[in-house]
$ cat start-v9.txt   # compact mmCIF, C-alpha atoms
# COMPACT_ATOMS: atom_id res chain seq x y z
CA MET A 1 0.00 0.00 0.00
CA GLU A 2 1.18 3.51 -0.73
CA ASN A 3 -0.07 6.81 0.60
CA SER A 4 0.60 10.43 -0.22
CA HIS A 5 2.48 11.25 2.98
CA SER A 6 6.25 11.16 3.43
CA SER A 7 8.02 7.82 3.12
CA ASP A 8 10.76 8.71 5.62
CA GLU A 9 8.75 9.76 8.70
CA PHE A 10 7.12 8.08 11.68
CA LEU A 11 4.27 10.30 12.87
CA VAL A 12 1.47 9.70 15.39
CA GLN A 13 -1.69 11.80 15.12
CA PHE A 14 -4.50 11.75 17.67
CA TRP A 15 -8.09 11.89 16.38
CA GLY A 16 -9.92 10.74 19.52
CA VAL A 17 -8.43 10.81 23.02
CA ARG A 18 -11.43 10.45 25.35
CA GLY A 19 -12.64 7.28 27.09
CA SER A 20 -16.08 5.71 27.56
CA ILE A 21 -18.32 8.26 25.85
CA PRO A 22 -17.94 11.27 23.53
CA THR A 23 -17.94 14.53 25.45
CA PRO A 24 -18.47 17.47 23.07
CA GLY A 25 -18.78 20.96 24.49
CA ASN A 26 -16.90 24.03 25.55
CA GLN A 27 -15.47 22.28 28.63
CA THR A 28 -13.52 19.80 26.49
CA ALA A 29 -12.81 21.83 23.36
CA ARG A 30 -9.03 22.05 23.75
CA TYR A 31 -8.21 18.44 24.59
CA GLY A 32 -11.10 17.02 22.60
CA GLY A 33 -14.22 15.01 23.30
CA ASN A 34 -14.03 12.24 20.70
CA THR A 35 -13.32 8.67 21.74
CA SER A 36 -10.30 6.55 20.93
CA CYS A 37 -8.70 6.74 17.50
CA ILE A 38 -5.07 7.32 16.58
CA GLU A 39 -3.28 7.28 13.24
CA MET A 40 0.34 6.35 12.59
CA ARG A 41 1.91 7.44 9.32
CA ILE A 42 4.99 5.33 8.88
CA GLY A 43 7.27 5.10 5.86
CA GLY A 44 4.52 6.03 3.44
CA LYS A 45 1.90 3.76 5.00
CA ARG A 46 -1.12 4.60 7.13
CA LEU A 47 -2.04 2.58 10.22
CA ILE A 48 -5.22 3.38 12.18
CA PHE A 49 -5.80 2.14 15.73
CA ASP A 50 -9.35 1.86 17.08
CA GLY A 51 -12.54 3.27 15.67
CA GLY A 52 -14.09 5.49 18.32
CA SER A 53 -15.91 8.66 17.32
CA GLY A 54 -12.54 10.15 16.38
CA LEU A 55 -12.53 7.83 13.37
CA HIS A 56 -15.35 9.85 11.82
CA VAL A 57 -13.22 12.99 12.05
CA LEU A 58 -10.26 11.18 10.51
CA GLY A 59 -12.49 9.80 7.76
CA ARG A 60 -13.60 13.27 6.73
CA GLU A 61 -9.96 14.34 6.50
CA LEU A 62 -9.05 11.28 4.41
CA LEU A 63 -11.67 12.21 1.81
CA LYS A 64 -9.26 14.95 0.72
CA THR A 65 -6.61 12.40 -0.31
CA MET A 66 -8.51 9.57 -1.95
CA PRO A 67 -8.05 6.83 -2.87
CA VAL A 68 -7.43 5.85 0.73
CA GLU A 69 -5.36 2.79 1.63
CA ALA A 70 -4.89 1.92 5.29
CA TYR A 71 -4.37 -0.82 7.83
CA MET A 72 -6.81 -0.74 10.75
CA PHE A 73 -6.21 -2.36 14.14
CA PHE A 74 -8.72 -2.82 16.97
CA THR A 75 -7.83 -3.29 20.62
CA HIS A 76 -11.36 -4.51 21.46
CA TYR A 77 -14.99 -3.73 20.69
CA HIS A 78 -16.48 -1.72 23.54
CA TRP A 79 -18.56 1.17 22.25
CA ASP A 80 -15.96 3.88 22.68
CA HIS A 81 -13.64 1.98 20.31
CA ILE A 82 -16.14 1.25 17.52
CA GLN A 83 -18.56 4.21 17.57
CA GLY A 84 -16.98 5.78 14.51
CA VAL A 85 -16.93 2.65 12.34
CA PRO A 86 -20.50 2.91 10.96
CA MET A 87 -19.79 6.55 10.05
CA PHE A 88 -16.32 6.06 8.55
CA ILE A 89 -17.13 7.60 5.18
CA PRO A 90 -14.10 6.26 3.22
CA ALA A 91 -15.38 2.70 3.77
CA PHE A 92 -18.41 3.56 1.64
CA VAL A 93 -16.38 4.85 -1.32
CA GLU A 94 -15.35 2.55 -4.14
CA GLY A 95 -11.63 2.49 -4.83
CA ASN A 96 -10.53 2.73 -1.21
CA HIS A 97 -8.81 -0.26 0.40
CA PHE A 98 -8.61 -1.33 4.06
CA GLN A 99 -7.13 -4.27 5.88
CA ILE A 100 -8.77 -4.74 9.29
CA PHE A 101 -6.93 -6.58 12.07
CA GLY A 102 -8.31 -7.72 15.39
CA ALA A 103 -9.21 -10.66 17.59
CA VAL A 104 -12.62 -12.30 17.59
CA PRO A 105 -14.27 -12.29 21.03
CA ASP A 106 -14.49 -15.83 22.40
CA GLN A 107 -13.02 -17.06 19.09
CA ASN A 108 -16.60 -17.20 17.85
CA GLY A 109 -16.74 -17.05 14.04
CA SER A 110 -14.61 -15.02 11.66
CA LEU A 111 -13.52 -11.41 12.08
CA GLU A 112 -15.61 -10.42 9.07
CA GLN A 113 -18.69 -12.08 10.54
CA HIS A 114 -18.05 -10.35 13.87
CA PHE A 115 -17.85 -6.92 12.22
CA MET A 116 -20.84 -7.38 9.99
CA GLU A 117 -23.15 -8.97 12.55
CA ARG A 118 -22.07 -7.32 15.83
CA VAL A 119 -20.23 -4.08 15.07
CA LEU A 120 -22.02 -2.80 11.98
CA HIS A 121 -25.42 -4.40 11.55
CA PRO A 122 -27.00 -3.57 14.95
CA ASN A 123 -25.37 -0.15 15.25
CA SER A 124 -25.45 1.41 11.79
CA PRO A 125 -28.29 3.25 10.05
CA VAL A 126 -26.40 2.85 6.77
CA PRO A 127 -26.97 -0.41 4.84
CA ILE A 128 -23.91 -2.66 5.02
CA LYS A 129 -24.15 -3.23 1.28
CA GLY A 130 -23.27 0.43 0.89
CA MET A 131 -19.69 -0.30 1.91
CA GLN A 132 -18.09 -0.09 -1.51
CA ALA A 133 -14.43 -0.02 -0.43
CA ASP A 134 -12.28 -3.12 -0.77
CA ILE A 135 -12.13 -4.48 2.79
CA GLU A 136 -9.99 -7.41 3.89
CA PHE A 137 -10.41 -8.88 7.38
CA CYS A 138 -7.39 -10.41 9.14
CA HIS A 139 -8.02 -12.32 12.36
CA ILE A 140 -5.14 -12.17 14.84
CA SER A 141 -4.57 -13.37 18.40
CA CYS A 142 -2.65 -11.80 21.27
CA GLY A 143 1.02 -12.69 20.97
CA GLU A 144 1.10 -12.67 17.18
CA THR A 145 3.45 -10.42 15.22
CA ILE A 146 2.36 -8.71 12.01
CA LYS A 147 4.82 -7.46 9.40
CA ILE A 148 3.90 -4.82 6.84
CA ASP A 149 7.02 -4.49 4.74
CA ASP A 150 9.59 -3.21 7.27
CA ILE A 151 6.98 -2.22 9.89
CA ILE A 152 6.67 -4.72 12.75
CA ILE A 153 3.53 -4.81 14.92
CA GLU A 154 3.78 -6.91 18.08
CA THR A 155 0.69 -7.72 20.12
CA GLY A 156 -0.09 -8.71 23.68
CA PRO A 157 -3.03 -9.13 26.07
CA LEU A 158 -4.19 -6.27 28.28
CA ASN A 159 -6.05 -6.48 31.59
CA HIS A 160 -9.53 -5.31 30.62
CA PRO A 161 -13.08 -6.73 31.00
CA ASN A 162 -13.81 -8.99 28.00
CA GLY A 163 -10.17 -8.63 26.96
CA ALA A 164 -8.16 -6.14 24.91
CA MET A 165 -5.03 -6.19 22.77
CA GLY A 166 -2.02 -3.88 22.97
CA TYR A 167 0.04 -2.99 19.90
CA ARG A 168 3.75 -2.14 19.74
CA VAL A 169 4.68 -0.67 16.36
CA SER A 170 8.37 -0.63 15.37
CA TRP A 171 10.09 0.86 12.34
CA GLN A 172 13.72 1.62 11.64
CA GLY A 173 14.80 1.39 15.26
CA HIS A 174 11.88 3.39 16.68
CA SER A 175 8.75 2.13 18.41
CA VAL A 176 5.39 3.19 19.83
CA PHE A 177 3.32 1.11 22.25
CA TYR A 178 -0.44 1.79 22.05
CA CYS A 179 -1.62 0.51 25.44
CA THR A 180 -5.34 1.05 26.03
CA ASP A 181 -7.63 -0.19 27.62
CA THR A 182 -5.78 -1.76 30.53
CA GLU A 183 -5.88 -1.86 34.34
CA HIS A 184 -2.74 -2.15 36.44
CA TYR A 185 -2.26 -4.75 39.15
CA PRO A 186 -2.01 -3.72 42.81
CA ASP A 187 1.23 -5.52 43.59
CA HIS A 188 3.26 -5.60 40.36
CA ILE A 189 3.57 -4.12 36.89
CA ASP A 190 1.82 -6.20 34.23
CA GLU A 191 4.50 -8.36 32.57
CA ASN A 192 2.73 -8.14 29.21
CA VAL A 193 2.79 -4.34 29.36
CA LEU A 194 6.45 -4.26 30.41
CA LEU A 195 7.45 -6.53 27.55
CA LEU A 196 5.83 -4.39 24.86
CA ALA A 197 6.89 -1.12 26.50
CA ASN A 198 10.58 -2.05 26.68
CA ASN A 199 12.69 0.92 25.49
CA ALA A 200 9.82 2.32 23.41
CA ASP A 201 10.00 5.90 22.16
CA LEU A 202 6.36 6.53 23.11
CA LEU A 203 3.98 4.81 25.50
CA ILE A 204 0.37 5.82 24.77
CA TYR A 205 -1.17 4.66 28.02
CA ASP A 206 -4.68 4.35 29.42
CA SER A 207 -4.54 7.01 32.14
CA MET A 208 -8.24 7.47 32.69
CA TYR A 209 -8.01 8.13 36.42
CA THR A 210 -5.78 9.67 39.01
CA ASP A 211 -4.66 7.43 41.87
CA GLU A 212 -6.99 9.39 44.14
CA GLU A 213 -10.00 8.69 41.90
CA TYR A 214 -9.04 5.06 41.43
CA HIS A 215 -8.94 4.42 45.17
CA ASN A 216 -11.72 6.81 46.20
CA PRO A 217 -13.50 5.01 49.08
CA LYS A 218 -16.87 6.49 48.11
CA SER A 219 -16.61 5.60 44.42
CA PRO A 220 -13.62 3.33 43.73
CA LYS A 221 -12.72 2.46 40.14
CA VAL A 222 -10.94 -0.79 40.97
CA GLY A 223 -11.98 -3.48 38.51
CA TRP A 224 -13.30 -1.07 35.89
CA GLY A 225 -10.53 -1.92 33.43
CA HIS A 226 -8.58 1.35 33.39
CA SER A 227 -5.40 2.71 34.90
CA THR A 228 -3.92 5.95 36.23
CA TRP A 229 -1.28 8.37 35.04
CA GLU A 230 0.81 7.55 38.10
CA GLU A 231 0.93 3.90 37.06
CA GLY A 232 1.81 4.95 33.50
CA VAL A 233 4.82 6.85 34.79
CA LYS A 234 5.88 3.74 36.73
CA VAL A 235 5.73 1.64 33.56
CA CYS A 236 7.83 4.18 31.68
CA GLU A 237 10.48 4.22 34.40
CA ALA A 238 10.59 0.42 34.69
CA ALA A 239 10.67 -0.18 30.93
CA GLY A 240 12.97 2.65 29.88
CA VAL A 241 10.34 4.42 27.79
CA LYS A 242 11.46 7.78 26.39
CA ARG A 243 8.12 9.58 26.52
CA PHE A 244 4.84 9.02 28.35
CA VAL A 245 1.58 9.99 26.62
CA LYS A 246 -1.50 10.26 28.85
CA PHE A 247 -4.47 8.91 26.88
CA HIS A 248 -8.12 7.84 27.26
CA HIS A 249 -9.14 10.84 29.36
CA GLU A 250 -12.05 10.49 31.79
CA PRO A 251 -15.27 12.02 30.34
CA VAL A 252 -15.76 14.36 33.33
CA HIS A 253 -12.21 15.72 33.17
CA SER A 254 -12.50 19.21 31.72
CA ASP A 255 -9.78 21.14 29.92
CA GLU A 256 -9.08 23.04 33.13
CA PHE A 257 -8.80 19.83 35.13
CA LEU A 258 -6.38 18.35 32.57
CA ASP A 259 -4.33 21.56 32.62
CA ARG A 260 -3.88 21.19 36.37
CA LEU A 261 -3.09 17.52 35.96
CA GLU A 262 -0.46 18.33 33.37
CA GLU A 263 1.47 20.36 35.93
CA LYS A 264 1.55 17.39 38.30
CA ILE A 265 2.60 14.96 35.56
CA LEU A 266 5.38 17.18 34.23
CA ALA A 267 6.75 17.57 37.75
CA VAL A 268 7.58 13.85 37.83
CA SER A 269 7.92 13.14 34.09
CA PRO A 270 9.20 16.31 32.36
CA ASN A 271 9.00 14.81 28.86
CA ALA A 272 5.39 13.62 29.22
CA VAL A 273 2.48 14.89 27.14
CA LEU A 274 -1.30 14.80 27.44
CA ALA A 275 -2.97 13.62 24.25
CA LYS A 276 -5.03 16.22 22.42
CA GLU A 277 -7.19 15.85 19.34
CA GLY A 278 -5.24 16.80 16.25
CA MET A 279 -1.89 16.62 18.02
CA ILE A 280 0.96 15.16 15.95
CA LEU A 281 4.03 13.60 17.56
CA LYS A 282 7.10 12.79 15.51
CA VAL A 283 8.83 9.61 16.60
CA VAL A 284 12.59 10.15 16.51
$ encode --input "start-v9.txt" --output "structure tokens"
Amino acid sequence: MENSHSSDEFLVQFWGVRGSIPTPGNQTARYGGNTSCIEMRIGGKRLIFDGGSGLHVLGRELLKTMPVEAYMFFTHYHWDHIQGVPMFIPAFVEGNHFQIFGAVPDQNGSLEQHFMERVLHPNSPVPIKGMQADIEFCHISCGETIKIDDIIIETGPLNHPNGAMGYRVSWQGHSVFYCTDTEHYPDHIDENVLLLANNADLLIYDSMYTDEEYHNPKSPKVGWGHSTWEEGVKVCEAAGVKRFVKFHHEPVHSDEFLDRLEEKILAVSPNAVLAKEGMILKVV
């Protein structure tokens, strides 16, 4: 596959950074209210991770550069990671081409059957037969490695209700670990997370809560399948990650709240960054 962007860059762009539910409005305008979707443009190829409502925004942008060719990877199929799929306009345009990678829940049927019968059919007002793009479904399991020319994508299981898959993407000596949705363990760092995070340039980590929120005695978040920014910093330190990216922001966290949080994060991890819609990070 070839795309119009540069063949000698590794870029990460964020199209949806929120968790659980879209949160549009003036309180979230700067960081963004769309749910999970990131794009990696690597060596002339386009890789898309998750299809939350941010995928719709990305799709509108891609209409400017058709025909579109991309590889799409799904961590899991909770609503905030598939909401944008039925409204991903490039999938309904003939001449576009997509390869879709993901696991099948409970190993029940094919990936194509899962998408058509569970992701699209019950959730989309648009007839499935309207999808005119060339779409290829590729079932994968946690632990498999995918190679796209000289791009290597390693996978591993994450600690999340109903399961989720993490993706480490490596190219020409650089790597990014997309690690959402996952919950840390109380007594040790998840070995699967450590393995894929090892010496990565970027760790895009599920930091939905603060430690205080996670352990709040009145409304604890233990067992909800998400982690904290404090735990993300621990992973980075243990694995030798160059840069921590706080991702999957809590829906009730306003721009002002995240601004205050940024000060705390930078105090302990000066190279860290909070994901914002539209933000582009160059992996070097």
$ residues_around --input "start-v9.txt" --residues "segment 197-206 of chain A" --least-positions-apart "2" --cutoff "9 Å" --atoms "all atoms listed in the file" --output "compact mmCIF listing (two decimals) with C-alpha atoms, keeping the file's coordinate frame"
# COMPACT_ATOMS: atom_id res chain seq x y z
CA GLY A 19 -12.64 7.28 27.09
CA ARG A 168 3.75 -2.14 19.74
CA SER A 170 8.37 -0.63 15.37
CA HIS A 174 11.88 3.39 16.68
CA SER A 175 8.75 2.13 18.41
CA VAL A 176 5.39 3.19 19.83
CA PHE A 177 3.32 1.11 22.25
CA TYR A 178 -0.44 1.79 22.05
CA CYS A 179 -1.62 0.51 25.44
CA THR A 180 -5.34 1.05 26.03
CA ASP A 181 -7.63 -0.19 27.62
CA THR A 182 -5.78 -1.76 30.53
CA GLU A 183 -5.88 -1.86 34.34
CA ASN A 192 2.73 -8.14 29.21
CA VAL A 193 2.79 -4.34 29.36
CA LEU A 194 6.45 -4.26 30.41
CA LEU A 195 7.45 -6.53 27.55
CA MET A 208 -8.24 7.47 32.69
CA TYR A 209 -8.01 8.13 36.42
CA HIS A 226 -8.58 1.35 33.39
CA SER A 227 -5.40 2.71 34.90
CA THR A 228 -3.92 5.95 36.23
CA TRP A 229 -1.28 8.37 35.04
CA GLY A 232 1.81 4.95 33.50
CA VAL A 235 5.73 1.64 33.56
CA CYS A 236 7.83 4.18 31.68
CA ALA A 238 10.59 0.42 34.69
CA ALA A 239 10.67 -0.18 30.93
CA GLY A 240 12.97 2.65 29.88
CA VAL A 241 10.34 4.42 27.79
CA LYS A 242 11.46 7.78 26.39
CA ARG A 243 8.12 9.58 26.52
CA PHE A 244 4.84 9.02 28.35
CA VAL A 245 1.58 9.99 26.62
CA LYS A 246 -1.50 10.26 28.85
CA PHE A 247 -4.47 8.91 26.88
CA HIS A 248 -8.12 7.84 27.26
CA HIS A 249 -9.14 10.84 29.36
CA ALA A 275 -2.97 13.62 24.25
CA VAL A 283 8.83 9.61 16.60
CA VAL A 284 12.59 10.15 16.51
$ closest_residue --input "start-v9.txt" --among "A:Val126, A:Val12, A:Val104, A:Leu62" --to "Thr75 of chain A" --atoms "only C-alpha atoms"
A:Val104
$ atom_distance --input "start-v9.txt" --atom1 "atom CA of Glu61 of chain A" --atom2 "atom CA of Pro90 of chain A"
9.7 Å
$ atom_distance --input "start-v9.txt" --atom1 "atom CA of His97 of chain A" --atom2 "atom CA of Gln132 of chain A"
9.5 Å
$ residues_around --input "start-v9.txt" --residues "segment 115-117 of chain A" --least-positions-apart "3" --cutoff "10 Å" --atoms "only C-alpha atoms" --output "JSON, numbers by chain"
{"A": [77, 82, 85, 100, 104, 110, 111, 112, 120, 121, 122, 123, 128, 137]}
$ closest_residue --input "start-v9.txt" --among "A:Tyr214, A:Asp190, A:Val233, A:Gly32" --to "Asn271 of chain A" --atoms "all atoms listed in the file"
A:Val233
$ closest_residue --input "start-v9.txt" --among "A:Pro270, A:Thr210, A:Trp15, A:Pro161" --to "Phe257 of chain A" --atoms "only C-alpha atoms"
A:Thr210
$ residues_around --input "start-v9.txt" --residues "Asp80 of chain A" --least-positions-apart "6" --cutoff "6 Å" --atoms "only C-alpha atoms" --output "list in words"
Ser20, Ile21, Thr35 and Gly52 of chain A
$ atom_distance --input "start-v9.txt" --atom1 "atom CA of Tyr31 of chain A" --atom2 "atom CA of Leu261 of chain A"
12.5 Å
$ closest_atom_pairs --input "start-v9.txt" --of "segment 34-116 of chain A" --to "segment 24-27 of chain A" --cutoff "12 Å" --atoms "only C-alpha atoms" --output "Markdown table"
| residue | atom | partner | partner_atom | distance |
| --- | --- | --- | --- | --- |
| A:Asn34 | CA | A:Pro24 | CA | 7.3 |
| A:Thr35 | CA | A:Pro24 | CA | 10.3 |
| A:Ser53 | CA | A:Pro24 | CA | 10.8 |
| A:Gly54 | CA | A:Pro24 | CA | 11.6 |
$ residues_near_point --input "start-v9.txt" --point "(3.1, -5.6, 22.8)" --cutoff "6 Å" --atoms "only C-alpha atoms" --output "list in words"
Glu154, Thr155, Gly156, Gly166, Tyr167, Arg168 and Leu196 of chain A
$ closest_residue --input "start-v9.txt" --among "A:Lys221, A:Lys64, A:His139, A:His76" --to "Val119 of chain A" --atoms "all atoms listed in the file"
A:His76
$ closest_residue --input "start-v9.txt" --among "A:Ile153, A:Ala70, A:Cys37, A:Met165" --to "Leu55 of chain A" --atoms "only C-alpha atoms"
A:Cys37
